[in-house]
Amino acid sequence: MNWHEHSLKSLSQALLKKEVSSVELSQYFLNRMVQYQGMNAYLDVDHDLTLSQAKLADQRIAKGQAGPLTGIPVAHKDVFVTKFWKSTAASKMLSHYVSPFDATVVANLGVDGAGMVCLGKTNMDEFAMGSSNENSAFGPVLNPWGRSFVPGGSSGGSAAAVAAGLAPIATGTDTGGSIRQPAAFCGITGLKPTYGTVSRFGMIAYASSLDQAGPMGKSAEDCGLLLNAIAGHDPKDSTSLERDKENYLQHIGGNWLEGAAKPLQGLRIGVPKEFFTQGLQEEVRQALESALDTYQRLGATCVSVSLPQTSLSIPVYYVLAPAEASSNLSRYDGVRYGYRATEYKDLAQMYQRSRSEGFGAEVKRRILIGTYVLSQGYYDAYYLQAQKIRRIIAQDFQKAFLDCDVLIGPVAPNTAWKIGEKSNDPLEMYLEDIFTLSINLAGLPAMSIPCGQSTENLPIGLQMIGNYFAEARMLQIADHFQRETDFHLQAPTLDTVEVVK
Amino acid sequence: MNIEEIKHLAQLSSLEVDSEQIQQLSTELENILQLVGQLQSVDTTNVEPLCHPISLMTELNQPFRPDLVTEMNDRENNLKPAPASFEGLFLVPKVIE
């Protein structure tokens, strides 16, 4: 059986009908992970641990206590701490770190929660800082669609694992596009929920007012199933929102307007004109235009809207995120956990050397920039000014939503680039985040959905942005597109990535 | 950004900067600061800073919780990841001579 081609629903049915056990299913994915380990999608993997969780899931299924995800394997981005697998955030600083507790996301999905089986931890950019996965201390992940291309970042390992069938679904986090952009580069579906929807407890912090966890899967429906299990209030995260439990699949398959002739009749799609400027790769533009045609065939109407400060989201983000990072990463001092330098003359030098040797170049750059913009004399000009423009950016979205229900545009200006192509110039890479950053600044939910392939056979992603708490509707809209198209079902030919690490 | 400024910044950040890398770092940081310098072109008179997106969604910015001890005293497990510990305490180099 080709279990890696199945939807979560189909895997769950197979488990309940005893066509396969969770142990067999987990072993199937573990075998694929060994076969394609050259892709470097995973960091810590432990077959015995995975299989022991699968055995517990099988017992639960046998007792008739299975939920919709019980027994299905899942891969966790290494930014989530886990009690049994190492949690490194792809940093030398945490290369041996094992957490005394599970992140809330991990616990919600695990043995005492939904009953999913952890396949291991996926590679990423160090501390989630990067857009290509090249900032991992453990080597870059290769894009399953072409091993010389980056998988995107920072959740590149999760995206590559799902695209290559090394996991049925995975978790990711998104601070400035880290779920959506790798999902686009690897041709999978990813969802960054409204800020505060999913607990950040146990998620190794990068920029706390922007970080949000979400699902990365093969379809909108799969993402909704996982979101159902990870969303919800958590008293351990003071920014976690207290809202009634919601079924994110409630609108799947239904019409936008009940009783309408076409499924999406009545839906108004806003097309931000700033997302379709000269910098956009021609093939990306064509794929987007054709996707909008598909939506119009389904009954939706398109309206042009404006998000005038889109280009300023880059400088705003690269002030606020490093500022928060410089504060968050001050906890790594070589005392309570993490890397400690071997040679130092006193405590201050122990801190400095441990941090300098433990952090990679991009992490250090962001700490320095963050410290700079927060320091006396520069605070007002940079940090405060960025926070003010952050409000303007968030208000611009609310103005746009007066005329439309969701926004649709590209996830990124280009398809995946070659490994090494942009790694020498940090700035060039920052500019690639132009369409994803503003969403995190405003705290809005957004998705990435496959909508085409380039002539180089690289996936193209469509970004859908919703208003706060619109996830269920966004999944409905995305699912209708996936009923109409087969971009999300395309799979890479994997013999190209069988290189050994 | 000159060498002295970078050294000061590194000290504030508790980082050591290699003297060989300092020139390259200076160029990189200059480029980033040039990018973020674009912020100065925007008129933000009468705009309140936005610290956190939650304030746009709900009134309740800072929820209260009951003042109860909920964390377990798990000294042994919390000390396990420490690079050095002794008799239940974290060890650091001598601070007072």
# chains A, B, ... in the order shown; residues from 1 in each chain; ligands from 1
>>> residues_around(residues="Pro63 (chain B)", least_positions_apart="2", cutoff="10 Å", atoms="only C-alpha atoms", output="list in words")
Pro235, Ser238, Thr239, Ser240, Leu241 and Glu242 of chain A; Glu59, Leu60, Asn61 and Arg65 of chain B
>>> write_last_selection(atoms="N, CA and C atoms", output="compact mmCIF listing (two decimals), in the first residue's frame")
# COMPACT_ATOMS: atom_id res chain seq x y z
N PRO A 235 -3.97 27.75 29.74
CA PRO A 235 -3.61 28.67 30.83
C PRO A 235 -2.10 28.87 30.95
N SER A 238 -0.07 33.02 28.37
CA SER A 238 -0.92 34.17 28.71
C SER A 238 -1.47 34.88 27.48
N THR A 239 -0.95 34.56 26.29
CA THR A 239 -1.49 35.17 25.07
C THR A 239 -2.44 34.22 24.34
N SER A 240 -2.75 33.08 24.97
CA SER A 240 -3.66 32.13 24.36
C SER A 240 -5.09 32.63 24.61
N LEU A 241 -5.90 32.68 23.55
CA LEU A 241 -7.22 33.29 23.65
C LEU A 241 -8.25 32.32 24.22
N GLU A 242 -9.14 32.86 25.06
CA GLU A 242 -10.23 32.04 25.60
C GLU A 242 -11.44 32.17 24.70
N GLU B 59 -10.70 42.85 24.24
CA GLU B 59 -10.45 43.86 25.27
C GLU B 59 -9.46 43.33 26.31
N LEU B 60 -9.60 42.04 26.55
CA LEU B 60 -8.86 41.42 27.64
C LEU B 60 -7.40 41.21 27.24
N ASN B 61 -6.58 42.21 27.50
CA ASN B 61 -5.19 42.12 27.07
C ASN B 61 -4.32 41.29 27.99
N ARG B 65 -5.01 35.33 36.53
CA ARG B 65 -5.23 33.95 36.94
C ARG B 65 -5.18 33.93 38.47
>>> interface_residues(of="chain B", to="chain A", cutoff="7 Å", atoms="only C-alpha atoms", output="list in words")
Leu9, Ala10, Ser13, Ser14, Leu15, Glu16, Ile32, Leu35, Val36, Gln38, Leu39, Thr44, Val47, Glu48, Pro49, Leu50, Cys51, His52, Pro53, Asn77, Asn78, Pro81, Ala82, Pro83, Phe90, Val92, Pro93 and Val95 of chain B
>>> residues_around(residues="Glu246 (chain A)", least_positions_apart="4", cutoff="9 Å", atoms="only C-alpha atoms", output="mmCIF file with N, CA and C atoms, in the first residue's frame")
data_model
loop_
_atom_site.group_PDB
_atom_site.id
_atom_site.type_symbol
_atom_site.label_atom_id
_atom_site.label_comp_id
_atom_site.auth_asym_id
_atom_site.auth_seq_id
_atom_site.Cartn_x
_atom_site.Cartn_y
_atom_site.Cartn_z
ATOM 1 N N ASN A 228 -8.083 21.230 14.617
ATOM 2 C CA ASN A 228 -9.093 20.888 15.628
ATOM 3 C C ASN A 228 -8.436 20.349 16.902
ATOM 4 N N ALA A 231 -5.811 23.545 18.506
ATOM 5 C CA ALA A 231 -6.319 24.864 18.886
ATOM 6 C C ALA A 231 -7.012 24.794 20.238
ATOM 7 N N GLY A 232 -7.009 25.893 20.941
ATOM 8 C CA GLY A 232 -7.732 25.942 22.210
ATOM 9 C C GLY A 232 -6.964 26.701 23.269
ATOM 10 N N GLN A 250 -16.304 22.562 10.022
ATOM 11 C CA GLN A 250 -17.771 22.682 9.976
ATOM 12 C C GLN A 250 -18.308 23.120 8.604
ATOM 13 N N ALA A 472 -12.180 28.519 9.727
ATOM 14 C CA ALA A 472 -13.120 27.508 9.220
ATOM 15 C C ALA A 472 -13.592 27.869 7.815
#
>>> closest_residue(among="A:Gln212, A:Thr301, A:Ser7, A:Asn424", to="Ala446 (chain A)", atoms="only C-alpha atoms")
A:Gln212
>>> residues_around(residues="Ser158 (chain A)", least_positions_apart="5", cutoff="12 Å", atoms="only C-alpha atoms", output="JSON, numbers by chain")
{"A": [39, 40, 41, 42, 43, 74, 75, 76, 77, 78, 79, 119, 120, 121, 122, 123, 124, 125, 133, 141, 142, 143, 144, 151, 152, 153, 163, 164, 165, 166, 167, 168, 169, 170, 171, 172, 173, 178, 179, 180, 181, 182, 183, 185, 186, 187, 188, 189, 190, 214, 215, 216, 217, 218]}
>>> atom_distance(atom1="CA of Val406 (chain A)", atom2="CA of Ala470 (chain A)")
8.8 Å
>>> select_by_dssp(residues="region 42-141 of chain A", states="strand (DSSP E or B)", output="list in words")
Tyr42, Pro73, Val74, Ala75, His76, Lys77, Phe80, Val117, Cys118, Leu119, Gly120, Lys121 and Thr122 of chain A
>>> atom_distance(atom1="CA of Ile6 (chain B)", atom2="CA of Ala321 (chain A)")
19.9 Å
>>> atom_distance(atom1="CA of His480 (chain A)", atom2="CA of Pro263 (chain A)")
7.6 Å
>>> select_by_dssp(residues="region 223-342 of chain A", states="alpha helix (DSSP H)", output="PyMOL selection string")
chain A and resi 223-230+282-297+313-328
>>> residues_around(residues="Ser304 (chain A)", least_positions_apart="6", cutoff="10 Å", atoms="only C-alpha atoms", output="list of chain:residue names")
A:Ile269, A:Gly270, A:Val271, A:Pro272, A:Lys273, A:Ala400, A:Asp403, A:Cys404, A:Leu407
>>> closest_residue(among="A:Arg200, A:Lys262, A:His233, A:His4", to="Asp174 (chain A)", atoms="only C-alpha atoms")
A:Arg200
>>> residues_around(residues="Val81 (chain A)", least_positions_apart="6", cutoff="8 Å", atoms="only C-alpha atoms", output="PyMOL selection string")
chain A and resi 87+98-99+101-103+106+202-204
>>> write_last_selection(atoms="N, CA, C and O atoms", output="JSON list (two decimals), in the first residue's frame")
[["chain", "number", "residue", "atom", "x", "y", "z"],
["A", 87, "SER", "N", 15.31, 18.37, 21.59],
["A", 87, "SER", "CA", 14.67, 19.59, 21.08],
["A", 87, "SER", "C", 15.78, 20.62, 20.89],
["A", 87, "SER", "O", 16.25, 21.22, 21.85],
["A", 98, "VAL", "N", 17.31, 17.86, 26.02],
["A", 98, "VAL", "CA", 16.08, 17.09, 26.14],
["A", 98, "VAL", "C", 15.22, 17.79, 27.18],
["A", 98, "VAL", "O", 15.66, 18.05, 28.30],
["A", 99, "SER", "N", 13.98, 18.12, 26.80],
["A", 99, "SER", "CA", 13.12, 18.92, 27.67],
["A", 99, "SER", "C", 12.51, 18.08, 28.78],
["A", 99, "SER", "O", 12.17, 16.92, 28.57],
["A", 101, "PHE", "N", 9.58, 18.54, 29.78],
["A", 101, "PHE", "CA", 8.12, 18.51, 29.54],
["A", 101, "PHE", "C", 7.85, 18.60, 28.04],
["A", 101, "PHE", "O", 8.74, 18.93, 27.26],
["A", 102, "ASP", "N", 6.62, 18.28, 27.66],
["A", 102, "ASP", "CA", 6.17, 18.40, 26.27],
["A", 102, "ASP", "C", 5.52, 19.76, 26.03],
["A", 102, "ASP", "O", 4.81, 20.27, 26.90],
["A", 103, "ALA", "N", 5.73, 20.33, 24.84],
["A", 103, "ALA", "CA", 4.98, 21.52, 24.44],
["A", 103, "ALA", "C", 3.49, 21.18, 24.43],
["A", 103, "ALA", "O", 3.12, 20.03, 24.22],
["A", 106, "VAL", "N", 2.44, 19.40, 21.31],
["A", 106, "VAL", "CA", 2.88, 17.99, 21.31],
["A", 106, "VAL", "C", 1.99, 17.16, 22.23],
["A", 106, "VAL", "O", 1.54, 16.07, 21.87],
["A", 202, "GLY", "N", 5.92, 25.84, 25.35],
["A", 202, "GLY", "CA", 6.83, 24.80, 24.89],
["A", 202, "GLY", "C", 7.29, 24.96, 23.46],
["A", 202, "GLY", "O", 7.95, 24.08, 22.90],
["A", 203, "MET", "N", 6.93, 26.09, 22.85],
["A", 203, "MET", "CA", 7.43, 26.41, 21.52],
["A", 203, "MET", "C", 8.63, 27.30, 21.76],
["A", 203, "MET", "O", 8.48, 28.37, 22.35],
["A", 204, "ILE", "N", 9.81, 26.88, 21.35],
["A", 204, "ILE", "CA", 11.01, 27.66, 21.64],
["A", 204, "ILE", "C", 10.85, 29.05, 21.00],
["A", 204, "ILE", "O", 10.63, 29.17, 19.80]]
